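Listing of start22.txt, compact mmCIF, C-alpha atoms and all ligand atoms
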# COMPACT_ATOMS: atom_id res chain seq x y z
CA MET L 12 -72.32 -52.27 -63.94
CA LYS L 13 -72.00 -55.16 -61.48
CA ARG L 14 -75.15 -53.92 -59.63
CA VAL L 15 -77.12 -53.78 -62.90
CA LEU L 16 -76.12 -57.38 -63.57
CA VAL L 17 -77.17 -58.50 -60.07
CA LEU L 18 -80.55 -56.75 -60.45
CA ALA L 19 -81.07 -58.29 -63.88
CA LEU L 20 -80.28 -61.75 -62.49
CA ALA L 21 -82.66 -61.22 -59.55
CA ALA L 22 -85.43 -60.09 -61.91
CA THR L 23 -84.85 -63.14 -64.12
CA ALA L 24 -85.00 -65.41 -61.06
CA PHE L 25 -88.29 -63.80 -59.99
CA ILE L 26 -89.82 -64.20 -63.46
CA ALA L 27 -88.66 -67.81 -63.57
CA SER L 28 -90.11 -68.52 -60.12
CA ALA L 29 -93.40 -66.83 -61.05
CA GLN L 30 -93.57 -68.99 -64.17
CA THR L 31 -93.05 -72.22 -62.25
CA TYR L 32 -95.08 -71.18 -59.19
CA PRO L 33 -96.14 -72.96 -57.06
CA GLY L 34 -94.05 -75.96 -58.12
CA THR L 35 -93.68 -78.73 -55.57
CA LYS L 36 -93.07 -76.47 -52.57
CA PRO L 37 -96.21 -76.22 -50.40
CA ILE L 38 -98.23 -73.05 -50.03
CA SER L 39 -98.62 -72.49 -46.32
CA PHE L 40 -101.76 -70.87 -44.91
CA VAL L 41 -100.67 -69.41 -41.60
CA VAL L 42 -103.64 -69.47 -39.20
CA PRO L 43 -102.83 -67.37 -36.14
CA PHE L 44 -104.94 -69.52 -33.79
CA ALA L 45 -105.08 -73.10 -32.51
CA ALA L 46 -106.07 -75.99 -34.79
CA GLY L 47 -109.72 -77.07 -34.80
CA GLY L 48 -111.18 -73.56 -34.34
CA PRO L 49 -113.19 -71.41 -36.74
CA THR L 50 -110.29 -69.69 -38.51
CA ASP L 51 -108.54 -73.03 -38.91
CA ARG L 52 -111.74 -74.51 -40.31
CA VAL L 53 -112.07 -71.80 -42.97
CA ALA L 54 -108.39 -72.28 -43.88
CA ARG L 55 -108.69 -76.03 -44.32
CA ASP L 56 -111.84 -75.79 -46.43
CA LEU L 57 -110.37 -72.99 -48.54
CA ALA L 58 -107.08 -74.87 -49.00
CA GLU L 59 -109.03 -77.82 -50.39
CA ALA L 60 -111.04 -75.58 -52.74
CA MET L 61 -107.94 -73.69 -53.95
CA ARG L 62 -106.03 -76.93 -54.50
CA LYS L 63 -108.81 -77.89 -56.93
CA THR L 64 -108.88 -74.49 -58.65
CA MET L 65 -105.09 -74.57 -59.09
CA GLY L 66 -105.39 -77.76 -61.09
CA GLY L 67 -105.04 -80.21 -58.23
CA SER L 68 -101.25 -80.11 -58.25
CA ALA L 69 -100.71 -77.30 -55.73
CA ASN L 70 -99.80 -78.51 -52.32
CA PHE L 71 -101.37 -76.59 -49.38
CA VAL L 72 -100.56 -76.87 -45.71
CA VAL L 73 -102.17 -75.13 -42.74
CA GLU L 74 -99.72 -73.87 -40.13
CA ASN L 75 -101.15 -72.85 -36.74
CA VAL L 76 -98.97 -70.07 -35.34
CA ASN L 77 -101.06 -69.05 -32.35
CA GLY L 78 -100.57 -66.57 -29.53
CA ALA L 79 -101.17 -62.93 -28.66
CA GLY L 80 -104.65 -62.82 -30.22
CA GLY L 81 -103.39 -63.59 -33.72
CA THR L 82 -100.56 -61.05 -33.80
CA ILE L 83 -97.73 -63.60 -33.63
CA GLY L 84 -98.86 -65.43 -36.77
CA SER L 85 -99.60 -62.21 -38.64
CA THR L 86 -96.16 -60.80 -37.74
CA LYS L 87 -94.60 -64.00 -39.05
CA VAL L 88 -96.28 -63.57 -42.44
CA ALA L 89 -95.50 -59.83 -42.63
CA LYS L 90 -91.81 -60.74 -42.30
CA ALA L 91 -91.85 -63.90 -44.46
CA ALA L 92 -90.18 -64.24 -47.87
CA PRO L 93 -92.54 -62.72 -50.47
CA ASP L 94 -92.55 -65.79 -52.69
CA GLY L 95 -96.20 -66.88 -52.51
CA HIS L 96 -95.44 -69.81 -50.24
CA THR L 97 -96.40 -68.18 -46.92
CA LEU L 98 -99.86 -66.59 -46.75
CA LEU L 99 -101.92 -65.31 -43.85
CA LEU L 100 -105.52 -66.34 -43.37
CA TRP L 101 -106.92 -64.02 -40.75
CA HIS L 102 -110.09 -62.29 -39.71
CA ILE L 103 -111.39 -59.03 -38.28
CA GLY L 104 -108.30 -59.04 -36.05
CA MET L 105 -106.51 -57.41 -39.00
CA ALA L 106 -108.68 -54.34 -38.26
CA SER L 107 -109.21 -54.60 -34.49
CA THR L 108 -105.60 -55.06 -33.35
CA PRO L 109 -104.56 -51.47 -34.23
CA GLY L 110 -107.16 -50.31 -31.66
CA LEU L 111 -106.21 -52.92 -29.05
CA TYR L 112 -102.41 -52.96 -29.12
CA ARG L 113 -100.20 -50.01 -28.30
CA LYS L 114 -97.48 -51.40 -30.53
CA LEU L 115 -97.77 -53.87 -33.40
CA GLN L 116 -94.86 -55.28 -35.36
CA TYR L 117 -96.70 -54.91 -38.65
CA LYS L 118 -98.85 -52.32 -40.35
CA PRO L 119 -102.09 -53.95 -41.56
CA LEU L 120 -102.47 -51.68 -44.58
CA GLU L 121 -98.81 -51.44 -45.56
CA ASP L 122 -97.07 -54.73 -44.88
CA PHE L 123 -99.33 -57.10 -46.82
CA GLU L 124 -100.54 -57.70 -50.34
CA TYR L 125 -104.30 -58.14 -50.17
CA LEU L 126 -105.53 -61.21 -52.05
CA GLY L 127 -109.21 -60.78 -51.22
CA MET L 128 -111.92 -61.50 -48.75
CA ILE L 129 -113.43 -64.93 -48.10
CA ASN L 130 -116.59 -64.76 -45.99
CA ASP L 131 -118.77 -62.97 -43.46
CA VAL L 132 -119.42 -64.93 -40.27
CA PRO L 133 -121.92 -64.07 -37.51
CA MET L 134 -121.04 -64.68 -33.90
CA THR L 135 -123.08 -66.34 -31.18
CA LEU L 136 -123.18 -65.66 -27.47
CA ILE L 137 -122.96 -69.04 -25.78
CA GLY L 138 -122.67 -70.37 -22.24
CA LYS L 139 -121.66 -73.54 -20.44
CA PRO L 140 -124.46 -76.12 -20.24
CA GLN L 141 -124.91 -75.60 -16.49
CA LEU L 142 -125.48 -71.82 -16.78
CA ALA L 143 -128.61 -70.68 -14.90
CA ALA L 144 -130.33 -69.09 -17.94
CA ASN L 145 -132.20 -70.40 -20.96
CA THR L 146 -133.27 -67.30 -22.88
CA TYR L 147 -131.32 -64.21 -23.84
CA ARG L 148 -133.36 -62.10 -21.39
CA ASP L 149 -132.55 -64.44 -18.47
CA PHE L 150 -128.95 -64.51 -19.59
CA GLU L 151 -128.58 -60.72 -19.67
CA ASN L 152 -130.22 -60.35 -16.25
CA TYR L 153 -127.98 -63.04 -14.86
CA ILE L 154 -124.86 -61.33 -16.21
CA ARG L 155 -125.91 -57.95 -14.82
CA THR L 156 -126.15 -59.37 -11.31
CA HIS L 157 -123.31 -61.90 -11.41
CA SER L 158 -120.67 -60.41 -13.74
CA ALA L 159 -118.07 -60.04 -10.98
CA SER L 160 -118.08 -63.78 -10.32
CA LEU L 161 -118.25 -64.96 -13.95
CA ASN L 162 -115.56 -65.49 -16.52
CA ILE L 163 -115.55 -65.16 -20.29
CA ALA L 164 -113.23 -67.14 -22.55
CA HIS L 165 -111.51 -65.67 -25.60
CA ALA L 166 -108.68 -66.31 -28.01
CA GLY L 167 -106.39 -63.53 -26.77
CA LEU L 168 -106.30 -59.74 -26.89
CA GLY L 169 -107.27 -58.76 -30.40
CA SER L 170 -109.19 -61.91 -31.23
CA ALA L 171 -112.77 -61.82 -32.48
CA SER L 172 -114.05 -63.47 -29.31
CA HIS L 173 -112.26 -60.87 -27.19
CA LEU L 174 -113.68 -58.02 -29.28
CA CYS L 175 -117.20 -59.43 -29.08
CA GLY L 176 -117.00 -59.94 -25.31
CA LEU L 177 -115.85 -56.43 -24.64
CA MET L 178 -118.35 -54.77 -27.00
CA TRP L 179 -121.21 -56.79 -25.55
CA GLN L 180 -120.28 -56.09 -21.90
CA ALA L 181 -120.15 -52.38 -22.76
CA ALA L 182 -123.51 -52.56 -24.55
CA VAL L 183 -125.30 -54.20 -21.61
CA ASN L 184 -123.44 -51.92 -19.24
CA ALA L 185 -122.41 -54.73 -16.91
CA LYS L 186 -121.54 -53.34 -13.47
CA GLU L 187 -118.22 -55.15 -13.24
CA PRO L 188 -116.17 -56.63 -16.08
CA MET L 189 -116.17 -60.41 -16.12
CA THR L 190 -112.81 -62.09 -15.66
CA THR L 191 -111.37 -62.86 -19.07
CA ILE L 192 -109.64 -66.18 -19.71
CA PRO L 193 -107.42 -66.15 -22.81
CA PHE L 194 -106.78 -69.30 -24.84
CA SER L 195 -104.63 -69.94 -27.92
CA GLY L 196 -107.79 -70.16 -30.01
CA THR L 197 -111.48 -70.80 -29.50
CA ALA L 198 -111.10 -74.56 -30.13
CA PRO L 199 -109.45 -75.08 -26.70
CA ALA L 200 -111.76 -72.40 -25.23
CA MET L 201 -114.76 -74.39 -26.49
CA THR L 202 -113.46 -77.54 -24.77
CA ALA L 203 -113.22 -75.59 -21.50
CA LEU L 204 -116.75 -74.21 -21.97
CA ILE L 205 -118.24 -77.63 -22.66
CA GLY L 206 -116.42 -78.92 -19.58
CA GLY L 207 -117.81 -76.07 -17.47
CA GLN L 208 -114.37 -74.65 -16.59
CA VAL L 209 -115.34 -71.30 -18.13
CA ASP L 210 -118.81 -69.71 -18.14
CA ILE L 211 -119.34 -67.74 -21.35
CA MET L 212 -117.92 -67.17 -24.80
CA CYS L 213 -118.80 -65.27 -27.95
CA ASP L 214 -117.55 -67.04 -31.05
CA GLN L 215 -118.04 -67.49 -34.76
CA THR L 216 -120.89 -69.74 -35.86
CA THR L 217 -118.29 -71.80 -37.76
CA ASN L 218 -117.17 -73.06 -34.34
CA THR L 219 -120.42 -72.99 -32.39
CA THR L 220 -123.16 -74.36 -34.68
CA GLN L 221 -122.38 -78.04 -34.18
CA GLN L 222 -121.93 -77.64 -30.42
CA ILE L 223 -125.26 -75.80 -30.13
CA GLU L 224 -126.97 -78.46 -32.21
CA SER L 225 -125.66 -81.28 -30.06
CA GLY L 226 -126.68 -79.45 -26.86
CA ARG L 227 -123.15 -79.29 -25.53
CA VAL L 228 -123.43 -75.50 -25.00
CA LYS L 229 -126.33 -73.08 -24.54
CA ALA L 230 -126.84 -70.36 -27.15
CA PHE L 231 -128.51 -67.04 -26.38
CA ALA L 232 -128.21 -64.64 -29.32
CA VAL L 233 -126.48 -63.81 -32.59
CA THR L 234 -124.45 -60.64 -33.13
CA THR L 235 -125.69 -59.72 -36.63
CA PRO L 236 -128.30 -56.91 -36.88
CA ALA L 237 -131.07 -59.37 -37.78
CA ARG L 238 -131.57 -63.00 -36.83
CA LEU L 239 -130.32 -65.65 -39.28
CA SER L 240 -133.76 -66.56 -40.55
CA SER L 241 -132.58 -68.82 -43.36
CA HIS L 242 -130.36 -71.04 -41.19
CA LYS L 243 -132.11 -74.20 -40.03
CA LEU L 244 -130.77 -74.05 -36.46
CA LEU L 245 -129.58 -70.50 -35.81
CA LYS L 246 -132.88 -68.94 -36.93
CA ASP L 247 -134.21 -69.71 -33.45
CA TYR L 248 -131.86 -67.28 -31.71
CA PRO L 249 -132.62 -63.53 -31.51
CA SER L 250 -130.20 -60.87 -32.66
CA LEU L 251 -128.83 -58.52 -30.03
CA GLN L 252 -130.53 -55.59 -31.78
CA GLU L 253 -133.83 -57.42 -31.54
CA MET L 254 -133.20 -57.75 -27.80
CA GLY L 255 -132.77 -53.99 -27.46
CA LEU L 256 -129.02 -53.47 -27.90
CA LYS L 257 -129.36 -50.64 -30.37
CA ASN L 258 -126.87 -50.69 -33.25
CA PHE L 259 -125.08 -53.82 -32.02
CA ASN L 260 -123.57 -55.28 -35.14
CA LEU L 261 -120.52 -57.47 -35.12
CA THR L 262 -119.87 -59.64 -38.13
CA ILE L 263 -116.55 -61.40 -38.43
CA TRP L 264 -114.89 -61.75 -41.81
CA HIS L 265 -111.89 -63.62 -43.11
CA GLY L 266 -109.37 -62.56 -45.74
CA LEU L 267 -106.23 -63.88 -47.39
CA TYR L 268 -102.95 -61.92 -47.42
CA ALA L 269 -99.40 -62.31 -48.77
CA PRO L 270 -96.24 -60.54 -47.59
CA LYS L 271 -95.59 -57.15 -49.18
CA GLY L 272 -93.47 -57.45 -52.32
CA THR L 273 -94.85 -60.77 -53.58
CA PRO L 274 -94.42 -60.65 -57.40
CA ALA L 275 -97.52 -59.53 -59.33
CA PRO L 276 -97.81 -62.73 -61.47
CA ILE L 277 -97.92 -64.85 -58.29
CA LEU L 278 -100.50 -62.54 -56.72
CA LYS L 279 -102.62 -62.83 -59.85
CA GLN L 280 -102.42 -66.61 -59.83
CA LEU L 281 -103.43 -66.73 -56.16
CA ASN L 282 -106.18 -64.17 -56.60
CA ASP L 283 -107.64 -66.04 -59.61
CA ALA L 284 -107.54 -69.30 -57.64
CA LEU L 285 -109.20 -67.65 -54.63
CA LYS L 286 -112.01 -66.16 -56.71
CA LEU L 287 -112.72 -69.52 -58.35
CA ALA L 288 -112.67 -71.26 -54.96
CA LEU L 289 -115.28 -68.81 -53.66
CA LYS L 290 -117.59 -70.04 -56.41
CA ASP L 291 -117.02 -73.72 -55.63
CA PRO L 292 -120.46 -75.14 -54.67
CA GLU L 293 -118.91 -77.57 -52.21
CA PHE L 294 -117.04 -74.77 -50.39
CA ILE L 295 -120.16 -72.58 -50.38
CA LYS L 296 -122.28 -75.40 -48.99
CA LYS L 297 -119.86 -76.14 -46.15
CA GLN L 298 -119.68 -72.46 -45.20
CA GLU L 299 -123.44 -71.92 -45.34
CA GLY L 300 -124.06 -74.98 -43.19
CA LEU L 301 -122.00 -73.27 -40.49
CA GLY L 302 -123.79 -69.93 -40.77
CA ALA L 303 -121.11 -68.18 -42.88
CA VAL L 304 -121.76 -66.31 -46.12
CA VAL L 305 -119.15 -66.49 -48.88
CA VAL L 306 -118.49 -63.01 -50.29
CA THR L 307 -119.51 -62.16 -53.82
CA ASP L 308 -119.26 -58.36 -53.78
CA LYS L 309 -116.24 -56.19 -54.55
CA ARG L 310 -114.63 -57.09 -51.21
CA MET L 311 -113.50 -60.34 -52.84
CA GLU L 312 -111.12 -58.25 -54.97
CA PRO L 313 -107.80 -57.09 -53.46
CA ALA L 314 -108.56 -53.35 -53.75
CA GLY L 315 -112.14 -53.70 -52.51
CA HIS L 316 -111.05 -55.76 -49.53
CA LYS L 317 -108.27 -53.35 -48.62
CA ALA L 318 -110.70 -50.40 -48.70
CA PHE L 319 -113.08 -52.40 -46.51
CA VAL L 320 -110.33 -53.20 -43.97
CA ALA L 321 -109.36 -49.50 -43.84
CA ALA L 322 -113.00 -48.62 -43.11
CA GLU L 323 -113.20 -51.35 -40.44
CA ILE L 324 -110.07 -49.99 -38.70
CA ALA L 325 -111.65 -46.52 -38.61
CA LYS L 326 -114.95 -47.95 -37.32
CA LEU L 327 -113.53 -50.27 -34.66
CA LYS L 328 -111.03 -47.90 -33.00
CA PRO L 329 -113.68 -45.64 -31.38
CA ALA L 330 -115.89 -48.64 -30.50
CA ILE L 331 -112.94 -50.27 -28.72
CA GLU L 332 -112.09 -47.02 -26.91
CA ALA L 333 -115.70 -46.66 -25.77
CA ALA L 334 -115.63 -50.21 -24.37
CA GLY L 335 -112.36 -49.36 -22.58
CA LYS L 336 -113.08 -50.60 -19.07
CA PHE L 337 -113.81 -54.08 -20.41
CA ALA L 338 -110.55 -54.32 -22.36
CA ASP L 339 -107.75 -56.09 -20.53
N1 LIG L 401 -112.54 -67.54 -33.06
C1 LIG L 401 -111.25 -67.13 -32.61
C2 LIG L 401 -111.28 -65.67 -32.29
O1 LIG L 401 -111.88 -65.38 -31.32
C3 LIG L 401 -110.08 -67.52 -33.35
C4 LIG L 401 -109.97 -68.97 -33.65
O2 LIG L 401 -109.69 -69.78 -32.77
O3 LIG L 401 -110.10 -69.26 -34.81
O4 LIG L 401 -110.68 -64.83 -32.90
Step by step, read the file and then write its structure as structure tokens.
Amino acid sequence: MKRVLVLALAATAFIASAQTYPGTKPISFVVPFAAGGPTDRVARDLAEAMRKTMGGSANFVVENVNGAGGTIGSTKVAKAAPDGHTLLLWHIGMASTPGLYRKLQYKPLEDFEYLGMINDVPMTLIGKPQLAANTYRDFENYIRTHSASLNIAHAGLGSASHLCGLMWQAAVNAKEPMTTIPFSGTAPAMTALIGGQVDIMCDQTTNTTQQIESGRVKAFAVTTPARLSSHKLLKDYPSLQEMGLKNFNLTIWHGLYAPKGTPAPILKQLNDALKLALKDPEFIKKQEGLGAVVVTDKRMEPAGHKAFVAAEIAKLKPAIEAAGKFAD
């Protein structure tokens, strides 16, 4: 009898909190990388768009919980209170970490409520300004002969930059793996690249476009199957497939997730706000300027995105295994 009463009270509290959600308590977007990088950038722009679509009264904060290639922040959200106030904004790492880590403290398909996908983002292979190559062909030849003495920056094991670096080294069949230099995100890695302390990086266009434009780094290629012919700057860089790396296709995506058990009315409110934000012309314009494409297909729905992530996990595991000697 007592238990029934406790359950009834808990249910009433949940309904009440769903009715008043979000209230004055902030909604935190946990970004599992350093501030100022590409994931952080998507989070801040999306927070602004969702604040508008939730009537302007919702209060969003971005929390950078970096480390271990994104797995520290994602673990934090998997274990957070399922009250709609702690959400994870992450990328392809959701699907690559199962292939890269022997043990994870969360299950990507079981421990989260999927709110939907945000965007697709190409990556660019870039180098420090002093690098002795100007075209992709020169760059590849240079890597083949110098890989043992070069280093490649990334945002930790399981990050998109790490995944790209290892898949690309495997595709060009570099004799020796380059030394990998992990950072807490590709914002600090970019600073090191511009300063010439590291040689190479592969990162999302949302972090690289402005640096390429200002000449602070050299760009060599994009990782999408075809070149980005409608982008005013990036259209000038070949795709890796165009340069002979058959089937090379790495497109990063971002999604939004809540801890498992978040009440359905709160999920619906968040999902509605997300879908409206993805139609916000200002958000779309900012994303397109940085080479990203806001999703409009069924992946923007929770079920469609979850099915996509499941397919990505299945696709990436063998690719990561094949690139084995370059994984560290
Ligand atoms: N671009 C990073 C990555 O390689 C993450 C970041 O700093 O946003 O995953």
#### Entry: Pick from L:Ile103, L:Thr108, L:Glu124, L:Lys118 nearest to Pro274 (chain L), counting only C-alpha atoms
L:Glu124
### Task
Identify, counting all atoms listed in the file, the protein, DNA and RNA residues located within 10 Å of ligand LIG 401 (chain L), and give them as a PyMOL selection string.
chain L and resi 42-54+75+77+80-81+101-104+134+164-176+193-201+212-219+263
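Minimum atom-to-atom distance to Leu251 (chain L), evaluated using all atoms listed in the file, belongs to L:Val233 out of L:Met61, L:Ile223, L:Val233, L:Val41.
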### Minimum-distance residue to Thr220 (chain L), chosen among L:Ala269, L:Val72, L:Leu244, L:Ala288 (using all atoms listed in the file)
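Counting all atoms listed in the file, the residue closest to Thr220 (chain L) is L:Leu244.
Of the listed residues (L:Asn130, L:Asp122, L:Lys309, L:Leu111), L:Leu111 comes nearest to Leu177 (chain L); the distances count all atoms listed in the file.
We find CA of Glu323 (chain L) and CA of Lys246 (chain L) to be spaced 26.6 Å apart.
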### Query
Taking into account all atoms listed in the file, which residue in the set L:Met178, L:Leu204, L:Val304, L:Val209 is nearest to Arg227 (chain L)?
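For Arg227 (chain L), the nearest of the candidates is L:Leu204.
For the choices L:Pro33, L:Gly266, L:Gly272, L:Gly84, the atom-to-atom distance to His316 (chain L) is smallest for L:Gly266 when using all atoms listed in the file.
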Write region 295-323 of chain L as a PDB file, in the frame of the given file, completed to N, CA and C atoms.
ATOM      1  N   ILE L 295    -119.032 -73.437 -50.779  1.00  0.00           N
ATOM      2  CA  ILE L 295    -120.160 -72.580 -50.380  1.00  0.00           C
ATOM      3  C   ILE L 295    -121.096 -73.347 -49.445  1.00  0.00           C
ATOM      4  N   LYS L 296    -121.354 -74.593 -49.797  1.00  0.00           N
ATOM      5  CA  LYS L 296    -122.280 -75.400 -48.990  1.00  0.00           C
ATOM      6  C   LYS L 296    -121.747 -75.610 -47.562  1.00  0.00           C
ATOM      7  N   LYS L 297    -120.465 -75.928 -47.475  1.00  0.00           N
ATOM      8  CA  LYS L 297    -119.860 -76.140 -46.150  1.00  0.00           C
ATOM      9  C   LYS L 297    -119.961 -74.872 -45.319  1.00  0.00           C
ATOM     10  N   GLN L 298    -119.655 -73.727 -45.927  1.00  0.00           N
ATOM     11  CA  GLN L 298    -119.680 -72.460 -45.200  1.00  0.00           C
ATOM     12  C   GLN L 298    -121.101 -72.110 -44.765  1.00  0.00           C
ATOM     13  N   GLU L 299    -122.049 -72.281 -45.671  1.00  0.00           N
ATOM     14  CA  GLU L 299    -123.440 -71.920 -45.340  1.00  0.00           C
ATOM     15  C   GLU L 299    -123.997 -72.803 -44.227  1.00  0.00           C
ATOM     16  N   GLY L 300    -123.608 -74.062 -44.236  1.00  0.00           N
ATOM     17  CA  GLY L 300    -124.060 -74.980 -43.190  1.00  0.00           C
ATOM     18  C   GLY L 300    -123.628 -74.497 -41.804  1.00  0.00           C
ATOM     19  N   LEU L 301    -122.523 -73.757 -41.775  1.00  0.00           N
ATOM     20  CA  LEU L 301    -122.000 -73.270 -40.490  1.00  0.00           C
ATOM     21  C   LEU L 301    -122.338 -71.799 -40.259  1.00  0.00           C
ATOM     22  N   GLY L 302    -123.314 -71.293 -41.007  1.00  0.00           N
ATOM     23  CA  GLY L 302    -123.790 -69.930 -40.770  1.00  0.00           C
ATOM     24  C   GLY L 302    -122.994 -68.842 -41.465  1.00  0.00           C
ATOM     25  N   ALA L 303    -121.947 -69.195 -42.216  1.00  0.00           N
ATOM     26  CA  ALA L 303    -121.110 -68.180 -42.880  1.00  0.00           C
ATOM     27  C   ALA L 303    -121.655 -67.873 -44.274  1.00  0.00           C
ATOM     28  N   VAL L 304    -121.332 -66.690 -44.774  1.00  0.00           N
ATOM     29  CA  VAL L 304    -121.760 -66.310 -46.120  1.00  0.00           C
ATOM     30  C   VAL L 304    -120.515 -65.995 -46.937  1.00  0.00           C
ATOM     31  N   VAL L 305    -120.320 -66.720 -48.021  1.00  0.00           N
ATOM     32  CA  VAL L 305    -119.150 -66.490 -48.880  1.00  0.00           C
ATOM     33  C   VAL L 305    -119.337 -65.166 -49.613  1.00  0.00           C
ATOM     34  N   VAL L 306    -118.294 -64.339 -49.682  1.00  0.00           N
ATOM     35  CA  VAL L 306    -118.490 -63.010 -50.290  1.00  0.00           C
ATOM     36  C   VAL L 306    -118.562 -63.088 -51.813  1.00  0.00           C
ATOM     37  N   THR L 307    -119.389 -62.220 -52.361  1.00  0.00           N
ATOM     38  CA  THR L 307    -119.510 -62.160 -53.820  1.00  0.00           C
ATOM     39  C   THR L 307    -119.365 -60.707 -54.285  1.00  0.00           C
ATOM     40  N   ASP L 308    -119.338 -59.764 -53.353  1.00  0.00           N
ATOM     41  CA  ASP L 308    -119.260 -58.360 -53.780  1.00  0.00           C
ATOM     42  C   ASP L 308    -117.801 -57.938 -54.001  1.00  0.00           C
ATOM     43  N   LYS L 309    -117.581 -56.633 -54.173  1.00  0.00           N
ATOM     44  CA  LYS L 309    -116.240 -56.190 -54.550  1.00  0.00           C
ATOM     45  C   LYS L 309    -115.177 -56.426 -53.466  1.00  0.00           C
ATOM     46  N   ARG L 310    -115.611 -56.790 -52.254  1.00  0.00           N
ATOM     47  CA  ARG L 310    -114.630 -57.090 -51.210  1.00  0.00           C
ATOM     48  C   ARG L 310    -113.827 -58.354 -51.526  1.00  0.00           C
ATOM     49  N   MET L 311    -114.283 -59.159 -52.485  1.00  0.00           N
ATOM     50  CA  MET L 311    -113.500 -60.340 -52.840  1.00  0.00           C
ATOM     51  C   MET L 311    -112.297 -59.962 -53.712  1.00  0.00           C
ATOM     52  N   GLU L 312    -112.264 -58.734 -54.188  1.00  0.00           N
ATOM     53  CA  GLU L 312    -111.120 -58.250 -54.970  1.00  0.00           C
ATOM     54  C   GLU L 312    -110.106 -57.607 -54.023  1.00  0.00           C
ATOM     55  N   PRO L 313    -108.810 -57.671 -54.357  1.00  0.00           N
ATOM     56  CA  PRO L 313    -107.800 -57.090 -53.460  1.00  0.00           C
ATOM     57  C   PRO L 313    -108.088 -55.626 -53.078  1.00  0.00           C
ATOM     58  N   ALA L 314    -108.384 -54.774 -54.065  1.00  0.00           N
ATOM     59  CA  ALA L 314    -108.560 -53.350 -53.750  1.00  0.00           C
ATOM     60  C   ALA L 314    -109.819 -53.128 -52.901  1.00  0.00           C
ATOM     61  N   GLY L 315    -110.889 -53.838 -53.254  1.00  0.00           N
ATOM     62  CA  GLY L 315    -112.140 -53.700 -52.510  1.00  0.00           C
ATOM     63  C   GLY L 315    -111.982 -54.163 -51.074  1.00  0.00           C
ATOM     64  N   HIS L 316    -111.241 -55.251 -50.898  1.00  0.00           N
ATOM     65  CA  HIS L 316    -111.050 -55.760 -49.530  1.00  0.00           C
ATOM     66  C   HIS L 316    -110.188 -54.811 -48.709  1.00  0.00           C
ATOM     67  N   LYS L 317    -109.162 -54.274 -49.357  1.00  0.00           N
ATOM     68  CA  LYS L 317    -108.270 -53.350 -48.620  1.00  0.00           C
ATOM     69  C   LYS L 317    -109.049 -52.094 -48.185  1.00  0.00           C
ATOM     70  N   ALA L 318    -109.904 -51.584 -49.061  1.00  0.00           N
ATOM     71  CA  ALA L 318    -110.700 -50.400 -48.700  1.00  0.00           C
ATOM     72  C   ALA L 318    -111.647 -50.749 -47.547  1.00  0.00           C
ATOM     73  N   PHE L 319    -112.185 -51.956 -47.582  1.00  0.00           N
ATOM     74  CA  PHE L 319    -113.080 -52.400 -46.510  1.00  0.00           C
ATOM     75  C   PHE L 319    -112.325 -52.494 -45.175  1.00  0.00           C
ATOM     76  N   VAL L 320    -111.111 -53.066 -45.211  1.00  0.00           N
ATOM     77  CA  VAL L 320    -110.330 -53.200 -43.970  1.00  0.00           C
ATOM     78  C   VAL L 320    -109.999 -51.801 -43.413  1.00  0.00           C
ATOM     79  N   ALA L 321    -109.652 -50.870 -44.296  1.00  0.00           N
ATOM     80  CA  ALA L 321    -109.360 -49.500 -43.840  1.00  0.00           C
ATOM     81  C   ALA L 321    -110.582 -48.904 -43.141  1.00  0.00           C
ATOM     82  N   ALA L 322    -111.762 -49.143 -43.713  1.00  0.00           N
ATOM     83  CA  ALA L 322    -113.000 -48.620 -43.110  1.00  0.00           C
ATOM     84  C   ALA L 322    -113.281 -49.316 -41.774  1.00  0.00           C
ATOM     85  N   GLU L 323    -112.998 -50.609 -41.689  1.00  0.00           N
ATOM     86  CA  GLU L 323    -113.200 -51.350 -40.440  1.00  0.00           C
ATOM     87  C   GLU L 323    -112.267 -50.825 -39.329  1.00  0.00           C
TER      88      GLU L 323
END
